[in-house]
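This report concerns only the one structure given below.
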Amino acid sequence: MFSSRTPGLSRLNKTQKASMAGVAAAGVAAVTFSLVPTTAVAAESQAPVQSRTTSTVSTSATDSARTPAVSAIIAKQFSSPDTAAKVQAVVQKTASEKTKAEAATKNEAVAKAKADAQKRADEAANRSTVRKPVYKNNLDGWIKESLAIMKKHKIPGSYEGLHRNIIRESSGNPKAINLWDINARNGIPSKGLLQVIPPTFKTYHVKGTPFDIYDPVANIVAAANYAADRYGSMDNVNSAY
């Protein structure tokens with residue numbers, strides 16, 4: 001009984017073995033197939049990298065070789081007399097233009113300063129002209145103008161003191177002249193608003209007023225100057241002086 005089953009088992013075993021061998025072979029083939037493409041792809045992927053690397057190295061080497069040559073050409077160009085002369089000409093032209101620009105700026109500044117100074121002077125003159133008072137050509141105006149001059153020269157006196165003495169001496173007539181008093185008999189008659197004799201007018205005349213004894217303002221200021229010297233002020237004079 002055992003011997004009749006042995007052949008069956010042997011055949012079964014052989015079939016199984018064949019199947020197993022087929023499976024194993026197929027597996028090996030599959031593994032081999034899968035390995036071959038991968039290796040090929042890897043080889044292909046590496047090939048371009050190596051090629052690019054080689055190309056890059058070659059380019060770098062070429063550039064390195066060219067750099068000294070280019071530098072030499074540039075150096076040669078700038079070292080030539082013609083190029084040096086051109087460079088020097090450009091430098092000189094630039095310096096000249098800079099100097100001219102600076103000079104122009106300085107001249108403009110000077111001109112502006114002069115114009116500003118003239119403008120200020122003109123404005124000051126205009127203000128002075130505008131502020132200069134205008135006095136009426138009458139007794140009131142003459143007294144007020146005289147007081148302004150007296151103040152400038154520090155001559156004492158008031159409007160009332162001047163007016164009072166003028167009315168007494170000449171009644172306000174700037175051309176009045178005394179032909180009967182002692183001065184007249186001595187040949188030096190009193191003249192003008194405050195009846196001043198010529199020698200006194202000459203001695204006490206105030207600079208800036210007309211040298212004319214009949215000029216109303218000149219006569220008043222000279223008389224006030226004399227009264228200040230002799231009486232302290234025209235305000236202290238209440239009679240012939």
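Here's how to read the names in the structure tokens: chain A, B, ... by the order shown, residue numbers from 1 in each chain, ligand numbers from 1 in the order shown.
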Within 10 Å of Asn236 of chain A, counting only C-alpha atoms, which residues show up once you throw out same-chain ones fewer than 4 positions away? Write them as a list in words, please.
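Contacts, with the query itself left out: Gly157, Gly161, Ala227, Ala228, Arg230, Tyr231 and Gly232 of chain A.
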If you count only C-alpha atoms, the residue of A:Ser239, A:Arg168, A:Leu179, A:Met150 closest to Lys207 of chain A turns out to be A:Met150
Ranking A:Asn183, A:Ala240, A:Ser233, A:Asp116 by minimum distance to Ile167 of chain A and counting only C-alpha atoms, which one comes first?
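Among the listed residues, A:Ala240 lies closest to Ile167 of chain A.
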Distance table requested - segment 66-159 of chain A against segment 213-220 of chain A, cut-off 8 Å, only C-alpha atoms: one row per qualifying residue with the closest atom pair and its distance in Å to one decimal, ordered by chain and rising residue number, as JSON lines.
```
{"residue": "A:Trp142", "atom": "CA", "partner": "A:Val217", "partner_atom": "CA", "distance": 5.6}
{"residue": "A:Ile143", "atom": "CA", "partner": "A:Val217", "partner_atom": "CA", "distance": 7.2}
{"residue": "A:Glu145", "atom": "CA", "partner": "A:Val217", "partner_atom": "CA", "distance": 7.0}
{"residue": "A:Ser146", "atom": "CA", "partner": "A:Val217", "partner_atom": "CA", "distance": 5.4}
```
For atom CA of Glu169 of chain A and atom CA of Gln195 of chain A, determine how far apart the two atoms are, in Å to one decimal place.
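Straight-line distance from atom CA of Glu169 of chain A to atom CA of Gln195 of chain A works out to 6.2 Å.
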Pick from A:Val221, A:Thr83, A:Ala176, A:Asn137: nearest to Phe201 of chain A, with only C-alpha atoms counted?
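Comparing A:Val221, A:Thr83, A:Ala176, A:Asn137 against Phe201 of chain A, the winner is A:Val221.
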Which residue of A:Lys152, A:Lys86, A:Arg164, A:Lys175 approaches Val237 of chain A most closely, using only C-alpha atoms
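Between A:Lys152, A:Lys86, A:Arg164, A:Lys175, the residue approaching Val237 of chain A most closely is A:Arg164.
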